[in-house]
>>> print(open('structure.cif').read())   # mmCIF, C-alpha atoms
data_query
#
loop_
_atom_site.group_PDB
_atom_site.id
_atom_site.type_symbol
_atom_site.label_atom_id
_atom_site.label_comp_id
_atom_site.auth_asym_id
_atom_site.auth_seq_id
_atom_site.Cartn_x
_atom_site.Cartn_y
_atom_site.Cartn_z
ATOM 1 C CA MET A 284 -38.749 -3.833 53.300
ATOM 2 C CA ALA A 285 -38.730 -6.138 56.309
ATOM 3 C CA ASP A 286 -36.440 -9.169 56.224
ATOM 4 C CA SER A 287 -39.479 -11.419 56.274
ATOM 5 C CA ASP A 288 -40.528 -9.953 52.940
ATOM 6 C CA LEU A 289 -37.322 -10.996 51.232
ATOM 7 C CA VAL A 290 -37.889 -13.472 48.444
ATOM 8 C CA VAL A 291 -35.461 -16.266 47.586
ATOM 9 C CA PRO A 292 -34.318 -15.724 43.975
ATOM 10 C CA ALA A 293 -35.855 -18.162 41.476
ATOM 11 C CA GLY A 294 -34.271 -21.587 41.435
ATOM 12 C CA TRP A 295 -32.429 -21.110 44.714
ATOM 13 C CA GLU A 296 -33.381 -23.514 47.464
ATOM 14 C CA PRO A 297 -33.277 -22.620 51.129
ATOM 15 C CA GLY A 298 -31.235 -24.869 53.388
ATOM 16 C CA LYS A 299 -33.133 -27.644 55.127
ATOM 17 C CA GLY A 300 -34.659 -26.327 58.329
ATOM 18 C CA SER A 301 -32.749 -23.086 58.017
ATOM 19 C CA SER A 302 -33.179 -19.698 56.434
ATOM 20 C CA ALA A 303 -29.443 -19.054 56.744
ATOM 21 C CA THR A 304 -28.388 -20.623 53.419
ATOM 22 C CA ILE A 305 -29.596 -20.865 49.840
ATOM 23 C CA SER A 306 -28.230 -23.203 47.165
ATOM 24 C CA LYS A 307 -28.542 -23.666 43.432
ATOM 25 C CA GLN A 308 -27.142 -26.074 40.864
ATOM 26 C CA PHE A 309 -25.968 -24.887 37.461
ATOM 27 C CA THR A 310 -25.218 -27.326 34.653
ATOM 28 C CA PHE A 311 -23.174 -26.777 31.520
ATOM 29 C CA ASP A 312 -22.571 -28.729 28.336
ATOM 30 C CA ARG A 313 -18.832 -29.099 28.762
ATOM 31 C CA TYR A 314 -15.928 -28.385 31.089
ATOM 32 C CA GLY A 315 -14.739 -25.269 29.257
ATOM 33 C CA ILE A 316 -18.012 -23.517 29.988
ATOM 34 C CA THR A 317 -18.049 -24.770 33.584
ATOM 35 C CA ARG A 318 -14.567 -23.373 34.023
ATOM 36 C CA GLU A 319 -15.497 -20.001 32.529
ATOM 37 C CA PHE A 320 -18.451 -19.760 34.915
ATOM 38 C CA LEU A 321 -16.237 -20.648 37.893
ATOM 39 C CA ASP A 322 -13.729 -17.974 36.905
ATOM 40 C CA ARG A 323 -16.499 -15.385 36.654
ATOM 41 C CA VAL A 324 -17.903 -16.343 40.047
ATOM 42 C CA ALA A 325 -14.381 -16.024 41.484
ATOM 43 C CA GLU A 326 -14.126 -12.484 40.053
ATOM 44 C CA LEU A 327 -17.529 -11.622 41.502
ATOM 45 C CA SER A 328 -16.417 -12.986 44.888
ATOM 46 C CA GLU A 329 -13.287 -10.881 44.889
ATOM 47 C CA GLU A 330 -15.208 -7.747 43.926
ATOM 48 C CA ASP A 331 -17.841 -8.419 46.560
ATOM 49 C CA GLY A 332 -15.509 -9.713 49.278
ATOM 50 C CA TYR A 333 -17.776 -12.711 49.780
ATOM 51 C CA HIS A 334 -16.881 -16.322 48.991
ATOM 52 C CA PRO A 335 -19.694 -18.867 48.730
ATOM 53 C CA ASN A 336 -19.199 -22.603 49.137
ATOM 54 C CA ILE A 337 -18.842 -24.169 45.707
ATOM 55 C CA SER A 338 -18.911 -27.803 44.574
ATOM 56 C CA PHE A 339 -18.190 -28.668 40.983
ATOM 57 C CA GLY A 340 -17.388 -31.416 38.536
ATOM 58 C CA THR A 341 -16.952 -31.500 34.781
ATOM 59 C CA THR A 342 -20.369 -30.118 33.898
ATOM 60 C CA TYR A 343 -22.001 -28.881 37.092
ATOM 61 C CA VAL A 344 -21.521 -26.241 39.759
ATOM 62 C CA ASN A 345 -23.414 -26.137 43.069
ATOM 63 C CA ILE A 346 -23.273 -22.829 44.888
ATOM 64 C CA THR A 347 -24.281 -22.376 48.521
ATOM 65 C CA ILE A 348 -24.577 -18.887 49.925
ATOM 66 C CA ASP A 349 -24.446 -18.506 53.700
ATOM 67 C CA ALA A 350 -26.215 -15.560 55.287
ATOM 68 C CA ARG A 351 -23.625 -12.872 55.918
ATOM 69 C CA ASP A 352 -25.286 -12.017 59.202
ATOM 70 C CA GLY A 353 -25.165 -15.729 60.145
ATOM 71 C CA ASP A 354 -28.868 -15.778 60.779
ATOM 72 C CA GLN A 355 -31.007 -15.134 57.728
ATOM 73 C CA ILE A 356 -30.437 -14.562 54.022
ATOM 74 C CA GLY A 357 -30.542 -10.824 53.502
ATOM 75 C CA GLU A 358 -30.421 -8.342 50.677
ATOM 76 C CA ALA A 359 -26.666 -8.533 50.121
ATOM 77 C CA ASP A 360 -26.927 -12.336 49.863
ATOM 78 C CA GLN A 361 -29.796 -12.049 47.418
ATOM 79 C CA ARG A 362 -27.930 -9.574 45.288
ATOM 80 C CA PHE A 363 -25.006 -11.988 45.185
ATOM 81 C CA ALA A 364 -27.334 -14.822 44.120
ATOM 82 C CA GLN A 365 -28.841 -12.689 41.381
ATOM 83 C CA ALA A 366 -25.383 -11.704 40.159
ATOM 84 C CA VAL A 367 -24.451 -15.407 39.991
ATOM 85 C CA ASP A 368 -27.614 -16.055 37.977
ATOM 86 C CA ARG A 369 -26.649 -13.324 35.535
ATOM 87 C CA LEU A 370 -23.143 -14.782 35.145
ATOM 88 C CA ALA A 371 -24.657 -18.214 34.471
ATOM 89 C CA SER A 372 -26.989 -16.900 31.801
ATOM 90 C CA GLU A 373 -24.147 -14.951 30.181
ATOM 91 C CA THR A 374 -21.840 -17.941 30.289
ATOM 92 C CA THR A 375 -24.310 -20.378 28.754
ATOM 93 C CA GLY A 376 -25.715 -17.801 26.369
ATOM 94 C CA MET B 8 1.343 -55.161 40.814
ATOM 95 C CA ALA B 9 -2.202 -56.440 41.239
ATOM 96 C CA ASP B 10 -4.977 -53.940 41.825
ATOM 97 C CA SER B 11 -5.516 -55.351 45.296
ATOM 98 C CA ASP B 12 -1.991 -54.296 46.195
ATOM 99 C CA LEU B 13 -2.669 -50.661 45.417
ATOM 100 C CA VAL B 14 -2.307 -48.409 48.411
ATOM 101 C CA VAL B 15 -4.427 -45.320 48.973
ATOM 102 C CA PRO B 16 -2.083 -42.311 49.119
ATOM 103 C CA ALA B 17 -1.548 -40.883 52.611
ATOM 104 C CA GLY B 18 -4.356 -38.713 53.886
ATOM 105 C CA TRP B 19 -6.826 -39.805 51.235
ATOM 106 C CA GLU B 20 -9.932 -41.525 52.520
ATOM 107 C CA PRO B 21 -11.749 -44.226 50.587
ATOM 108 C CA GLY B 22 -15.453 -43.660 49.973
ATOM 109 C CA LYS B 23 -17.829 -45.222 52.464
ATOM 110 C CA GLY B 24 -18.490 -48.825 51.504
ATOM 111 C CA SER B 25 -16.765 -48.357 48.173
ATOM 112 C CA SER B 26 -13.299 -48.626 46.732
ATOM 113 C CA ALA B 27 -14.346 -46.523 43.748
ATOM 114 C CA THR B 28 -13.588 -43.104 45.263
ATOM 115 C CA ILE B 29 -10.991 -41.422 47.439
ATOM 116 C CA SER B 30 -11.287 -37.972 49.030
ATOM 117 C CA LYS B 31 -9.037 -35.546 50.820
ATOM 118 C CA GLN B 32 -9.439 -32.130 52.409
ATOM 119 C CA PHE B 33 -6.820 -29.432 52.017
ATOM 120 C CA THR B 34 -6.873 -26.265 54.125
ATOM 121 C CA PHE B 35 -5.141 -22.979 53.496
ATOM 122 C CA ASP B 36 -4.555 -19.817 55.496
ATOM 123 C CA ARG B 37 -6.368 -17.467 53.143
ATOM 124 C CA TYR B 38 -8.413 -17.317 49.971
ATOM 125 C CA GLY B 39 -5.525 -16.257 47.714
ATOM 126 C CA ILE B 40 -3.698 -19.504 48.436
ATOM 127 C CA THR B 41 -6.905 -21.544 48.072
ATOM 128 C CA ARG B 42 -7.440 -19.921 44.687
ATOM 129 C CA GLU B 43 -3.884 -20.622 43.549
ATOM 130 C CA PHE B 44 -4.266 -24.272 44.513
ATOM 131 C CA LEU B 45 -7.584 -24.508 42.633
ATOM 132 C CA ASP B 46 -5.997 -23.002 39.530
ATOM 133 C CA ARG B 47 -3.147 -25.491 39.690
ATOM 134 C CA VAL B 48 -5.533 -28.418 40.098
ATOM 135 C CA ALA B 49 -7.467 -27.117 37.072
ATOM 136 C CA GLU B 50 -4.249 -27.099 35.032
ATOM 137 C CA LEU B 51 -3.444 -30.629 36.186
ATOM 138 C CA SER B 52 -6.961 -31.723 35.200
ATOM 139 C CA GLU B 53 -6.623 -30.282 31.750
ATOM 140 C CA GLU B 54 -3.232 -31.898 31.223
ATOM 141 C CA ASP B 55 -4.501 -35.226 32.494
ATOM 142 C CA GLY B 56 -7.956 -35.084 30.882
ATOM 143 C CA TYR B 57 -9.511 -35.996 34.221
ATOM 144 C CA HIS B 58 -11.730 -33.734 36.332
ATOM 145 C CA PRO B 59 -12.306 -34.651 39.978
ATOM 146 C CA ASN B 60 -15.256 -33.422 42.006
ATOM 147 C CA ILE B 61 -14.176 -30.401 44.017
ATOM 148 C CA SER B 62 -15.854 -28.537 46.883
ATOM 149 C CA PHE B 63 -14.316 -25.377 48.228
ATOM 150 C CA GLY B 64 -14.841 -22.344 50.388
ATOM 151 C CA THR B 65 -12.601 -19.503 51.453
ATOM 152 C CA THR B 66 -9.911 -21.619 53.066
ATOM 153 C CA TYR B 67 -10.613 -25.256 52.210
ATOM 154 C CA VAL B 68 -10.746 -27.556 49.212
ATOM 155 C CA ASN B 69 -12.215 -31.082 49.245
ATOM 156 C CA ILE B 70 -11.213 -33.245 46.309
ATOM 157 C CA THR B 71 -12.953 -36.507 45.418
ATOM 158 C CA ILE B 72 -11.420 -38.741 42.791
ATOM 159 C CA ASP B 73 -13.694 -41.312 41.150
ATOM 160 C CA ALA B 74 -12.143 -44.491 39.776
ATOM 161 C CA ARG B 75 -11.649 -44.003 36.056
ATOM 162 C CA ASP B 76 -12.658 -47.594 35.462
ATOM 163 C CA GLY B 77 -15.804 -46.975 37.542
ATOM 164 C CA ASP B 78 -14.987 -49.903 39.771
ATOM 165 C CA GLN B 79 -11.823 -49.481 41.796
ATOM 166 C CA ILE B 80 -9.208 -46.789 42.319
ATOM 167 C CA GLY B 81 -6.311 -47.689 40.042
ATOM 168 C CA GLU B 82 -2.829 -46.483 39.299
ATOM 169 C CA ALA B 83 -3.890 -43.513 37.145
ATOM 170 C CA ASP B 84 -6.188 -42.334 39.957
ATOM 171 C CA GLN B 85 -3.409 -42.711 42.494
ATOM 172 C CA ARG B 86 -0.979 -40.790 40.330
ATOM 173 C CA PHE B 87 -3.543 -38.000 40.065
ATOM 174 C CA ALA B 88 -3.947 -37.975 43.877
ATOM 175 C CA GLN B 89 -0.193 -37.811 44.371
ATOM 176 C CA ALA B 90 0.083 -34.967 41.851
ATOM 177 C CA VAL B 91 -2.617 -33.075 43.785
ATOM 178 C CA ASP B 92 -0.644 -33.646 47.003
ATOM 179 C CA ARG B 93 2.467 -32.204 45.364
ATOM 180 C CA LEU B 94 0.533 -29.143 44.181
ATOM 181 C CA ALA B 95 -0.816 -28.629 47.696
ATOM 182 C CA SER B 96 2.633 -28.815 49.275
ATOM 183 C CA GLU B 97 4.038 -26.438 46.655
ATOM 184 C CA THR B 98 1.156 -24.005 47.133
ATOM 185 C CA THR B 99 1.373 -23.900 50.915
ATOM 186 C CA GLY B 100 5.147 -24.089 50.948
#
>>> encode(input="structure.cif", output="structure tokens")
Amino acid sequence: MADSDLVVPAGWEPGKGSSATISKQFTFDRYGITREFLDRVAELSEEDGYHPNISFGTTYVNITIDARDGDQIGEADQRFAQAVDRLASETTG
Amino acid sequence: MADSDLVVPAGWEPGKGSSATISKQFTFDRYGITREFLDRVAELSEEDGYHPNISFGTTYVNITIDARDGDQIGEADQRFAQAVDRLASETTG
């Protein structure tokens, strides 16, 4: 599969004027759930050796993934995004 | 002490055109230290019942404190900022 065929995972937005980042906001009902999600993302990051940029408050988390090759979001970045999505659905579920 | 006498703690920057927020960036040598600092700030937040807005990456943490009264940074906000500063110095030290 060529890089140009790569699809941004659902709900993730590409950076403005750049294909080198994707971002997504997750919202939660209360801080305890937000915190659990953050802890799970931290575990994922340590397993994967990749640390996204994260902004959060009481009930939201914004995650920005930068292309590991510095140029364009690739398969490893997409897999990370999909893993984050799974953690979010498990945490809220 | 009148509110107008309150001093923004060293290194904290007031929000643009507003006295309702203060922000500060902390940088660390590696992710493990960043993570320890984040965990300590989370503990402080739970003790204090106040959750700032936090942005972080591998080696940096930006913390924004919103005025609890919604209008102007007050003593409780300043105490929180100073407690964060202490955590940062303990974590890096």
>>> calpha_fit_and_write(input="structure.cif", fixed="chain B", moving="chain A", output="compact mmCIF listing (two decimals) with C-alpha atoms, in the coordinates of the input")
# COMPACT_ATOMS: atom_id res chain seq x y z
CA MET A 284 1.32 -55.24 40.82
CA ALA A 285 -2.21 -56.52 41.31
CA ASP A 286 -4.98 -53.98 41.87
CA SER A 287 -5.48 -55.35 45.36
CA ASP A 288 -1.95 -54.28 46.22
CA LEU A 289 -2.63 -50.65 45.40
CA VAL A 290 -2.27 -48.39 48.39
CA VAL A 291 -4.41 -45.30 48.97
CA PRO A 292 -2.07 -42.28 49.10
CA ALA A 293 -1.54 -40.87 52.61
CA GLY A 294 -4.36 -38.71 53.88
CA TRP A 295 -6.82 -39.82 51.22
CA GLU A 296 -9.92 -41.55 52.51
CA PRO A 297 -11.76 -44.22 50.58
CA GLY A 298 -15.45 -43.66 49.97
CA LYS A 299 -17.81 -45.24 52.48
CA GLY A 300 -18.50 -48.82 51.49
CA SER A 301 -16.77 -48.34 48.17
CA SER A 302 -13.31 -48.63 46.73
CA ALA A 303 -14.36 -46.53 43.74
CA THR A 304 -13.59 -43.10 45.24
CA ILE A 305 -10.99 -41.43 47.43
CA SER A 306 -11.28 -37.99 49.02
CA LYS A 307 -9.03 -35.55 50.83
CA GLN A 308 -9.44 -32.13 52.41
CA PHE A 309 -6.81 -29.43 52.02
CA THR A 310 -6.86 -26.28 54.13
CA PHE A 311 -5.14 -22.97 53.50
CA ASP A 312 -4.57 -19.82 55.51
CA ARG A 313 -6.37 -17.48 53.16
CA TYR A 314 -8.42 -17.31 49.97
CA GLY A 315 -5.53 -16.26 47.73
CA ILE A 316 -3.71 -19.50 48.45
CA THR A 317 -6.90 -21.54 48.07
CA ARG A 318 -7.44 -19.93 44.70
CA GLU A 319 -3.87 -20.61 43.56
CA PHE A 320 -4.27 -24.27 44.52
CA LEU A 321 -7.58 -24.51 42.63
CA ASP A 322 -5.99 -22.99 39.53
CA ARG A 323 -3.14 -25.50 39.70
CA VAL A 324 -5.53 -28.42 40.10
CA ALA A 325 -7.46 -27.11 37.07
CA GLU A 326 -4.23 -27.09 35.03
CA LEU A 327 -3.44 -30.62 36.18
CA SER A 328 -6.96 -31.72 35.20
CA GLU A 329 -6.61 -30.27 31.73
CA GLU A 330 -3.22 -31.90 31.22
CA ASP A 331 -4.50 -35.23 32.49
CA GLY A 332 -7.95 -35.08 30.89
CA TYR A 333 -9.52 -36.00 34.22
CA HIS A 334 -11.73 -33.74 36.33
CA PRO A 335 -12.31 -34.66 39.97
CA ASN A 336 -15.26 -33.43 42.01
CA ILE A 337 -14.18 -30.40 44.01
CA SER A 338 -15.86 -28.55 46.89
CA PHE A 339 -14.33 -25.38 48.23
CA GLY A 340 -14.84 -22.34 50.39
CA THR A 341 -12.58 -19.50 51.46
CA THR A 342 -9.91 -21.64 53.08
CA TYR A 343 -10.61 -25.27 52.22
CA VAL A 344 -10.75 -27.56 49.21
CA ASN A 345 -12.21 -31.08 49.24
CA ILE A 346 -11.23 -33.25 46.30
CA THR A 347 -12.96 -36.50 45.41
CA ILE A 348 -11.44 -38.74 42.78
CA ASP A 349 -13.70 -41.30 41.14
CA ALA A 350 -12.16 -44.48 39.77
CA ARG A 351 -11.65 -44.00 36.05
CA ASP A 352 -12.67 -47.59 35.44
CA GLY A 353 -15.82 -46.98 37.52
CA ASP A 354 -15.00 -49.88 39.77
CA GLN A 355 -11.84 -49.47 41.79
CA ILE A 356 -9.21 -46.78 42.31
CA GLY A 357 -6.32 -47.67 40.05
CA GLU A 358 -2.84 -46.47 39.28
CA ALA A 359 -3.89 -43.51 37.14
CA ASP A 360 -6.19 -42.32 39.95
CA GLN A 361 -3.41 -42.70 42.48
CA ARG A 362 -0.99 -40.79 40.33
CA PHE A 363 -3.54 -38.00 40.07
CA ALA A 364 -3.95 -37.97 43.86
CA GLN A 365 -0.20 -37.81 44.36
CA ALA A 366 0.08 -34.97 41.86
CA VAL A 367 -2.62 -33.07 43.79
CA ASP A 368 -0.65 -33.65 46.99
CA ARG A 369 2.46 -32.21 45.37
CA LEU A 370 0.53 -29.14 44.18
CA ALA A 371 -0.81 -28.63 47.71
CA SER A 372 2.62 -28.82 49.28
CA GLU A 373 4.02 -26.43 46.66
CA THR A 374 1.15 -24.02 47.12
CA THR A 375 1.37 -23.88 50.90
CA GLY A 376 5.15 -24.04 50.92
>>> resolve_selection(input="structure.cif", expression="the PyMOL selection byres ((chain B) within 6 of (chain A))", output="list in words")
His58, Asn60, Ile61, Ser62, Phe63, Gly64 and Thr65 of chain B
>>> resolve_selection(input="structure.cif", expression="the PyMOL selection byres ((chain A and resi 361) around 9)", output="list in words")
Leu289, Val290, Val291, Pro292, Ile348, Ile356, Gly357, Glu358, Ala359, Asp360, Arg362, Phe363, Ala364, Gln365 and Ala366 of chain A
>>> atom_distance(input="structure.cif", atom1="CA of Lys299 (chain A)", atom2="CA of Ala371 (chain A)")
24.2 Å
>>> atom_distance(input="structure.cif", atom1="CA of Gln79 (chain B)", atom2="CA of Phe33 (chain B)")
23.1 Å
>>> resolve_selection(input="structure.cif", expression="the PyMOL selection byres ((chain B and resi 94) around 10)", output="ChimeraX atom specification")
/B:43-45,47-48,51,88-93,95-100
>>> atom_distance(input="structure.cif", atom1="CA of Trp295 (chain A)", atom2="CA of Arg313 (chain A)")
22.4 Å
>>> build_atoms(input="structure.cif", residues="region 22-57 of chain B", atoms="N, CA and C atoms", output="compact mmCIF listing (two decimals), in the frame of the given file")
# COMPACT_ATOMS: atom_id res chain seq x y z
N GLY B 22 -14.02 -43.91 49.81
CA GLY B 22 -15.45 -43.66 49.97
C GLY B 22 -16.08 -44.70 50.89
N LYS B 23 -17.17 -44.30 51.55
CA LYS B 23 -17.83 -45.22 52.46
C LYS B 23 -18.39 -46.42 51.72
N GLY B 24 -17.97 -47.60 52.10
CA GLY B 24 -18.49 -48.82 51.50
C GLY B 24 -18.15 -49.00 50.04
N SER B 25 -17.10 -48.28 49.59
CA SER B 25 -16.76 -48.36 48.17
C SER B 25 -15.27 -48.15 47.99
N SER B 26 -14.70 -48.86 47.06
CA SER B 26 -13.30 -48.63 46.73
C SER B 26 -13.19 -47.85 45.42
N ALA B 27 -14.31 -47.21 45.04
CA ALA B 27 -14.35 -46.52 43.75
C ALA B 27 -14.08 -45.03 43.87
N THR B 28 -13.92 -44.52 45.10
CA THR B 28 -13.59 -43.10 45.26
C THR B 28 -12.60 -42.92 46.42
N ILE B 29 -11.81 -41.87 46.32
CA ILE B 29 -10.99 -41.42 47.44
C ILE B 29 -11.14 -39.90 47.54
N SER B 30 -11.09 -39.41 48.79
CA SER B 30 -11.29 -37.97 49.03
C SER B 30 -10.23 -37.45 49.99
N LYS B 31 -9.96 -36.17 49.88
CA LYS B 31 -9.04 -35.55 50.82
C LYS B 31 -9.38 -34.07 50.96
N GLN B 32 -9.24 -33.56 52.19
CA GLN B 32 -9.44 -32.13 52.41
C GLN B 32 -8.10 -31.43 52.57
N PHE B 33 -7.99 -30.29 51.90
CA PHE B 33 -6.82 -29.43 52.02
C PHE B 33 -7.27 -28.09 52.61
N THR B 34 -6.51 -27.57 53.55
CA THR B 34 -6.87 -26.26 54.12
C THR B 34 -5.73 -25.28 53.93
N PHE B 35 -6.11 -24.04 53.78
CA PHE B 35 -5.14 -22.98 53.50
C PHE B 35 -5.43 -21.78 54.39
N ASP B 36 -4.42 -20.93 54.55
CA ASP B 36 -4.56 -19.82 55.50
C ASP B 36 -5.48 -18.71 55.00
N ARG B 37 -5.52 -18.55 53.67
CA ARG B 37 -6.37 -17.47 53.14
C ARG B 37 -6.81 -17.79 51.73
N TYR B 38 -7.79 -17.01 51.26
CA TYR B 38 -8.41 -17.32 49.97
C TYR B 38 -7.42 -17.29 48.81
N GLY B 39 -6.47 -16.36 48.83
CA GLY B 39 -5.52 -16.26 47.71
C GLY B 39 -4.78 -17.55 47.47
N ILE B 40 -4.42 -18.23 48.55
CA ILE B 40 -3.70 -19.50 48.44
C ILE B 40 -4.66 -20.60 47.97
N THR B 41 -5.87 -20.60 48.51
CA THR B 41 -6.90 -21.54 48.07
C THR B 41 -7.10 -21.42 46.56
N ARG B 42 -7.20 -20.19 46.11
CA ARG B 42 -7.44 -19.92 44.69
C ARG B 42 -6.26 -20.40 43.83
N GLU B 43 -5.06 -20.17 44.30
CA GLU B 43 -3.88 -20.62 43.55
C GLU B 43 -3.88 -22.15 43.43
N PHE B 44 -4.20 -22.81 44.53
CA PHE B 44 -4.27 -24.27 44.51
C PHE B 44 -5.33 -24.75 43.51
N LEU B 45 -6.51 -24.13 43.56
CA LEU B 45 -7.58 -24.51 42.63
C LEU B 45 -7.15 -24.33 41.18
N ASP B 46 -6.45 -23.24 40.90
CA ASP B 46 -6.00 -23.00 39.53
C ASP B 46 -5.00 -24.07 39.10
N ARG B 47 -4.14 -24.47 40.02
CA ARG B 47 -3.15 -25.49 39.69
C ARG B 47 -3.81 -26.85 39.47
N VAL B 48 -4.80 -27.16 40.29
CA VAL B 48 -5.53 -28.42 40.10
C VAL B 48 -6.26 -28.40 38.75
N ALA B 49 -6.79 -27.23 38.37
CA ALA B 49 -7.47 -27.12 37.07
C ALA B 49 -6.48 -27.38 35.93
N GLU B 50 -5.27 -26.85 36.07
CA GLU B 50 -4.25 -27.10 35.03
C GLU B 50 -3.91 -28.58 34.96
N LEU B 51 -3.73 -29.19 36.13
CA LEU B 51 -3.44 -30.63 36.19
C LEU B 51 -4.56 -31.42 35.51
N SER B 52 -5.81 -31.02 35.78
CA SER B 52 -6.96 -31.72 35.20
C SER B 52 -6.96 -31.62 33.69
N GLU B 53 -6.61 -30.45 33.20
CA GLU B 53 -6.62 -30.28 31.75
C GLU B 53 -5.50 -31.09 31.10
N GLU B 54 -4.35 -31.10 31.76
CA GLU B 54 -3.23 -31.90 31.22
C GLU B 54 -3.59 -33.38 31.22
N ASP B 55 -4.25 -33.81 32.28
CA ASP B 55 -4.50 -35.23 32.49
C ASP B 55 -5.81 -35.69 31.84
N GLY B 56 -6.66 -34.72 31.47
CA GLY B 56 -7.96 -35.08 30.88
C GLY B 56 -8.90 -35.72 31.89
N TYR B 57 -8.63 -35.45 33.18
CA TYR B 57 -9.51 -36.00 34.22
C TYR B 57 -9.92 -34.87 35.16
